[in-house]
Each structure stands twice: as structure tokens, then as C-alpha cells.
Amino acid sequence: MNALSRRGFLGALAGAAGTGVLAGGAGGVALERARDGDATVAFDGEHQAGIATPVQGHLHFAAFDVTTTSRAELAGLLRDWTVAARAMCAGRPVGEDGAVDGSPLAPPEDTGEALDAGAGRLTLTVGLGPSLFDGRFGLADRRPPALVDLPAFPGEALDPARCGGDLAVQACADDPQVAVHAIRNLTRIAHGRAAIRWAQLGYGRAASTSPDQPTPRNLFGFKDGTANPGGDDAATLAEHVWVQPDDAAQQHPGAAWMTGGSYLVARRIAMVVETWDRTSLQEQEQVIGRTKGAGAPLGGTHERDEVDEVDPAALPASSHVRLAHPSRHGGARMLRRGFNYVDGSDGLGHLDAGLFFLAYQRDPRHAFVPVQQTLAAQDAMNEYVRHTGSSIWAVPPGTSPEGFWAEGLLTGAG
Ligand SMILES: C=CC1=C(C)c2cc3[nH]c(cc4nc(cc5[nH]c(cc1n2)c(C)c5CCC(=O)O)C(CCC(=O)O)=C4C)c(C)c3C=C
Ligand SMILES: [Fe+2]
């Protein structure tokens, strides 16, 4: 199906049905699957899609440095990105003429590699880094207090080339080509205004955000995401993931634009799988605090047994789940949405493999930061993991059909 007929096909579907897309932002769940690959997730909504949305199979995450110093050009970039993102998430090519319908004498508006792929449940989620508020764009007084600079954690080995950035886009899709195409085209649109700083591919969702999805496994072979809040659990998401009107307004009136948004911490965590694979099953289970087969907490029987209700004598004090459990951190929870990665080998006989950890939360000062402080100090898993990349992002709320990403920040009164 070429660009034009694909666009017509989807348009006809939208006209005929008018419903059935996944309401990604609001966490709604009606899914339209016209044919394999054509399933779409609604782009506009109260919250950005790609957070509470059931996790897709593939990730392409990119951090950008803004290269212009003009606030108008920054706003123009986010507007242009939004228009292109809305089209791609609907399964349409970028631009009026897409990949093949423009002038043969001009470069096509769309790079074309996803022409026949469908939307693939693509979601594109934008984040704003602390450095965007450094004064270049007159935004310093709108930096939300919750957008902290992450502290140094014991044992981390961060590579500056895998850290930070002014802007981020998380592209998730069921087809890796669709996710890669989206980042490539947004990068192309950004030319002269922003440039890629670092990027990460991920696969095989390493966390589920829906009880309907079987819990996937990470590269240690353990089920990951069992204790995650459900993406359709509106009350829990309101309490732990979405920024509430009072949060921004009470802390700092200039940050009211974040209401309905969230904060994302992204960590590239290398997993020393060679050492892990020489570790006994019993030791592996004691490190995680769960059984490898069923994923039950040690001392329990079933995957969904509560970690804080099993016999404490069976669950080592240094186990990952015991230390990360909300009962240790004033009830704080995060929505984990990580992906496995394998980036070749390190040239020394080891796979360069691990977890690209993504966690959305209402306030990182009460969630990721204290949990990671505890883990960095005490987690038995530290022997097998190394944090090599780090970033934190303010993820603005979702868009109206005519709106654009971060409009409230760039054009609003505060
Ligand atoms: C700071 C937060 C966390 C980091 C960093 C982290 C890294 C990390 N985790 C695993 C594997 C598992 N984690 C599991 C549970 C779990 N992990 C965190 C937080 C961080 N993990 C939390 C809050 C929880 C939930 C605790 C609970 O409420 O019980 C599990 C168990 C299954 C599950 O509930 O998801 C596994 C397995 C790896 C491999 C890793 C770094 C590479
Ligand atoms: Fe974990």
C-alpha cells in the first residue's frame, strides 16, 4: 500500500468507525486493529500516550541538544514535531506529500522506511530536561522543583555521552522499523534547531503496564513488572504518576503547566550477564527476592502474592524487591516501562547488554531518588549491574487536537 492509498485507507476507516483507537493519554483501552500493524494509539488526550499505554515491543529513545537560542524557534520545533508525531502515530507519513508524492527534484518529506508498516501502535512521548530551563530561553522561572538534578549515587559509572539533554522523545511501537523511522524523521525536522545527543534502542518490553499483558522477563531471566501499577488503574496513576493541580501550584506557581504531566527517569543499566549466568539459581532468587519460574516473592507461592505479606525470614534483607518495595519508601510507587537492550559486545568477551530503565512518577524526590539511594547502598543486585547512563525529564501533559507539545510552558502564563 503506498502512502496515498494507505492514508486513504486509514482515513476511510476513521470516517467509518470514528472510534476504536486506544485512548493512550487517558489510559483508555479500546483497540482498533484494522490489519496487522495498523493498530493505532490516540495521540491527543489529557496525558501523553506512551506512559499508561500497554507497553509495545520496541523502543527507540533519543535525547536532543537544542542548538538554537531562540525561544520562538524552540516553540516552532515543538509545534512541527507535534504535527509530524500526530501523523506518524495515526499511520500517516510526515508532511503533505510524504515519501513518494512530492516533487522528484526535492528530497521527500518523509524518509519512507515505514511506508508499508502501518502505525504499529506507535506512541511518541516528549520530555524536557533540566538544562532547557538554564536561561537560554527565558524559562528559568518555570522549572518545576520536582525536576531535580539527580544526585550522584554510589557505584554508578556514568558515561557523560549517555547522560542529560534538553529534549527527549520516547518512541515505542510493535515494529522496530516504525520506532526508528519516527525518531529519524523527528531528528530530520529538528535540523538547525536541535541535534541528537544520545539514543538507545530497546526491545522485548522489560516491564508490563497492564495486567492483561503476561509479565515479560528481563535479561536475568526474571519476570519484571509484576508489582507495577496497572495502566488502567486511574486512582493509582493519579496518586503516583500524574502531576496533580496542587503539586505544581503549591510548590511553584510557575510550574502549573506540568499539571497532568509526569516525570521520567531514564537509566541505562548494564547487566553483567556472564557473572550472573555462573551464579546458582538459589543465589539468583535471593538477589531478586522472587522465584525465577513463577515470579512469586520468596516465602510466597504466586506471582501476585504481596512482598510485604510473606514470611520475612524467607526474603533476604538485601534482596532487590524487599529494598525497592513501597513499604520502605513511604508508599512511593513508580510506573516502570523499561526495555532490554543488547548493544553488541565490549571487545573483552562480554555482551554489552542490560536494561534501559524507564520510570514515570509524580515526583522523583519521593520516588526514584530515595529508592535508588537505598538500592545503591544495599542491593545484592549491585554485584551484577552498573548504571552507565542517566537522565531526568519533565514530561508535559497531553495535547488537544490543535495543540502542541509543551504549549503550556512555551506560550502559557505559567
Ligand atoms: C530505583 C529504582 C529501580 C531500579 C534502578 C531498578 C533496577 C532493576 N530492577 C530489576 C529487576 C526487577 N525489579 C523488580 C521490582 C522492582 N524494582 C523497582 C525499582 C527499581 N529497579 C521497584 C520499585 C520494584 C517493585 C518492588 C515491589 O513493589 O515489590 C523485580 C520484581 C518483579 C516486579 O515487581 O517488577 C525485578 C525482577 C533489574 C534487573 C534492574 C536493573 C538492571
Ligand atoms: Fe527493579
# chains A, B, ... in the order shown; residues from 1 in each chain; ligands from 1

call {"tool": "select_by_dssp", "arguments": {"residues": "range 98-330 of chain A", "states": "strand (DSSP E or B)", "output": "number ranges by chain"}}
result
A: 123-128, 163, 167-173, 194-203, 217, 223, 262-271, 290, 297

call {"tool": "write_last_selection", "arguments": {"atoms": "C-alpha atoms", "output": "PDB file, in the first residue's frame"}}
result
ATOM      1  CA  THR A 123       3.461   6.296  20.671  1.00  0.00           C
ATOM      2  CA  LEU A 124       5.721   9.340  20.834  1.00  0.00           C
ATOM      3  CA  THR A 125       6.269  10.939  24.214  1.00  0.00           C
ATOM      4  CA  VAL A 126       8.269  14.122  24.699  1.00  0.00           C
ATOM      5  CA  GLY A 127      10.346  15.108  27.744  1.00  0.00           C
ATOM      6  CA  LEU A 128      12.097  18.316  28.761  1.00  0.00           C
ATOM      7  CA  CYS A 163      23.531  11.404  30.048  1.00  0.00           C
ATOM      8  CA  LEU A 167      14.700  17.349  24.957  1.00  0.00           C
ATOM      9  CA  ALA A 168      13.843  13.669  24.713  1.00  0.00           C
ATOM     10  CA  VAL A 169      11.495  11.627  22.593  1.00  0.00           C
ATOM     11  CA  GLN A 170      10.458   8.135  23.613  1.00  0.00           C
ATOM     12  CA  ALA A 171       9.221   6.205  20.563  1.00  0.00           C
ATOM     13  CA  CYS A 172       7.533   2.881  21.319  1.00  0.00           C
ATOM     14  CA  ALA A 173       5.997   0.606  18.695  1.00  0.00           C
ATOM     15  CA  ALA A 194      18.190  20.581  17.756  1.00  0.00           C
ATOM     16  CA  ALA A 195      20.589  17.667  17.283  1.00  0.00           C
ATOM     17  CA  ILE A 196      20.754  14.150  18.687  1.00  0.00           C
ATOM     18  CA  ARG A 197      22.857  13.919  21.863  1.00  0.00           C
ATOM     19  CA  TRP A 198      22.449  10.203  22.516  1.00  0.00           C
ATOM     20  CA  ALA A 199      19.973   7.469  21.647  1.00  0.00           C
ATOM     21  CA  GLN A 200      19.073   3.989  22.827  1.00  0.00           C
ATOM     22  CA  LEU A 201      17.305   1.094  21.167  1.00  0.00           C
ATOM     23  CA  GLY A 202      15.399  -1.378  23.317  1.00  0.00           C
ATOM     24  CA  TYR A 203      13.339  -4.461  22.700  1.00  0.00           C
ATOM     25  CA  ARG A 217      11.290 -11.211  31.535  1.00  0.00           C
ATOM     26  CA  LYS A 223       9.627 -11.612  35.441  1.00  0.00           C
ATOM     27  CA  SER A 262       4.732  13.213  34.812  1.00  0.00           C
ATOM     28  CA  TYR A 263       8.457  12.886  35.488  1.00  0.00           C
ATOM     29  CA  LEU A 264      10.571  10.297  33.744  1.00  0.00           C
ATOM     30  CA  VAL A 265      13.872   8.904  34.968  1.00  0.00           C
ATOM     31  CA  ALA A 266      15.835   7.006  32.312  1.00  0.00           C
ATOM     32  CA  ARG A 267      18.837   4.928  33.369  1.00  0.00           C
ATOM     33  CA  ARG A 268      20.960   2.739  31.135  1.00  0.00           C
ATOM     34  CA  ILE A 269      21.858  -0.153  33.418  1.00  0.00           C
ATOM     35  CA  ALA A 270      24.445  -2.639  32.153  1.00  0.00           C
ATOM     36  CA  MET A 271      23.865  -6.174  33.418  1.00  0.00           C
ATOM     37  CA  ARG A 290      11.424 -13.754  43.864  1.00  0.00           C
ATOM     38  CA  PRO A 297       8.091 -13.467  46.318  1.00  0.00           C
TER      39      PRO A 297
END

call {"tool": "residues_around", "arguments": {"residues": "Thr67 in chain A", "least_positions_apart": "5", "cutoff": "12 Å", "atoms": "only C-alpha atoms", "output": "list of chain:residue names"}}
result
A:Glu73, A:Leu74, A:Leu77, A:Leu132, A:Arg136, A:Phe137, A:Gly165, A:Asp166, A:Leu167, A:Ala190, A:His191, A:Gly192, A:Arg193, A:Ala194, A:Ala195, A:Ile196, A:Arg197

call {"tool": "residues_near_ligand", "arguments": {"ligand": "ligand 2", "cutoff": "9 Å", "atoms": "only C-alpha atoms and all ligand atoms", "output": "JSON, numbers by chain"}}
result
{"A": [224, 225, 288, 320, 321, 324, 336, 357]}

call {"tool": "select_by_dssp", "arguments": {"residues": "range 104-297 of chain A", "states": "helix (DSSP H, G or I)", "output": "VMD selection string"}}
result
chain A and resid 130 to 133 140 to 142 160 to 162 176 to 190 234 to 240 245 to 251 253 to 258 273 to 277 281 to 288

call {"tool": "residues_around", "arguments": {"residues": "Leu281 in chain A", "least_positions_apart": "6", "cutoff": "12 Å", "atoms": "only C-alpha atoms", "output": "PyMOL selection string"}}
result
chain A and resi 220-222+287-293

call {"tool": "residues_around", "arguments": {"residues": "Val94 in chain A", "least_positions_apart": "2", "cutoff": "6 Å", "atoms": "only C-alpha atoms", "output": "VMD selection string"}}
result
chain A and resid 84 98 110

call {"tool": "residues_around", "arguments": {"residues": "range 326-329 of chain A", "least_positions_apart": "6", "cutoff": "8 Å", "atoms": "only C-alpha atoms", "output": "list in words"}}
result
Asp308, His366, Ala367, Pro370 and Val371 of chain A

call {"tool": "residues_around", "arguments": {"residues": "Met88 in chain A", "least_positions_apart": "2", "cutoff": "9 Å", "atoms": "only C-alpha atoms", "output": "PDB file with C-alpha atoms, in the first residue's frame"}}
result
ATOM      1  CA  VAL A  83       2.252  17.792  13.740  1.00  0.00           C
ATOM      2  CA  ALA A  84       4.630  15.114  12.446  1.00  0.00           C
ATOM      3  CA  ALA A  85       4.197  12.929  15.542  1.00  0.00           C
ATOM      4  CA  ARG A  86       0.403  13.104  15.309  1.00  0.00           C
ATOM      5  CA  ALA A  90      -2.048   7.705  13.036  1.00  0.00           C
ATOM      6  CA  GLY A  91      -0.090   5.661  10.500  1.00  0.00           C
ATOM      7  CA  ARG A  92       0.315   8.580   8.087  1.00  0.00           C
ATOM      8  CA  PRO A  93       3.606   9.738   6.570  1.00  0.00           C
ATOM      9  CA  VAL A  94       5.228  13.021   7.541  1.00  0.00           C
ATOM     10  CA  ALA A 119       1.092   2.591  12.755  1.00  0.00           C
ATOM     11  CA  LEU A 122       3.377   3.873  17.768  1.00  0.00           C
ATOM     12  CA  THR A 123       3.461   6.296  20.671  1.00  0.00           C
ATOM     13  CA  LEU A 124       5.721   9.340  20.834  1.00  0.00           C
ATOM     14  CA  VAL A 178       8.269   2.202  12.940  1.00  0.00           C
ATOM     15  CA  ALA A 182       9.763   8.147  13.929  1.00  0.00           C
TER      16      ALA A 182
END

call {"tool": "closest_residue", "arguments": {"among": "A:Pro364, A:Gly120, A:Pro316, A:Gly261", "to": "Val41 in chain A", "atoms": "only C-alpha atoms"}}
result
A:Gly120

call {"tool": "closest_residue", "arguments": {"among": "A:Arg143, A:Phe339, A:Pro397, A:Leu355", "to": "Gln244 in chain A", "atoms": "only C-alpha atoms"}}
result
A:Pro397
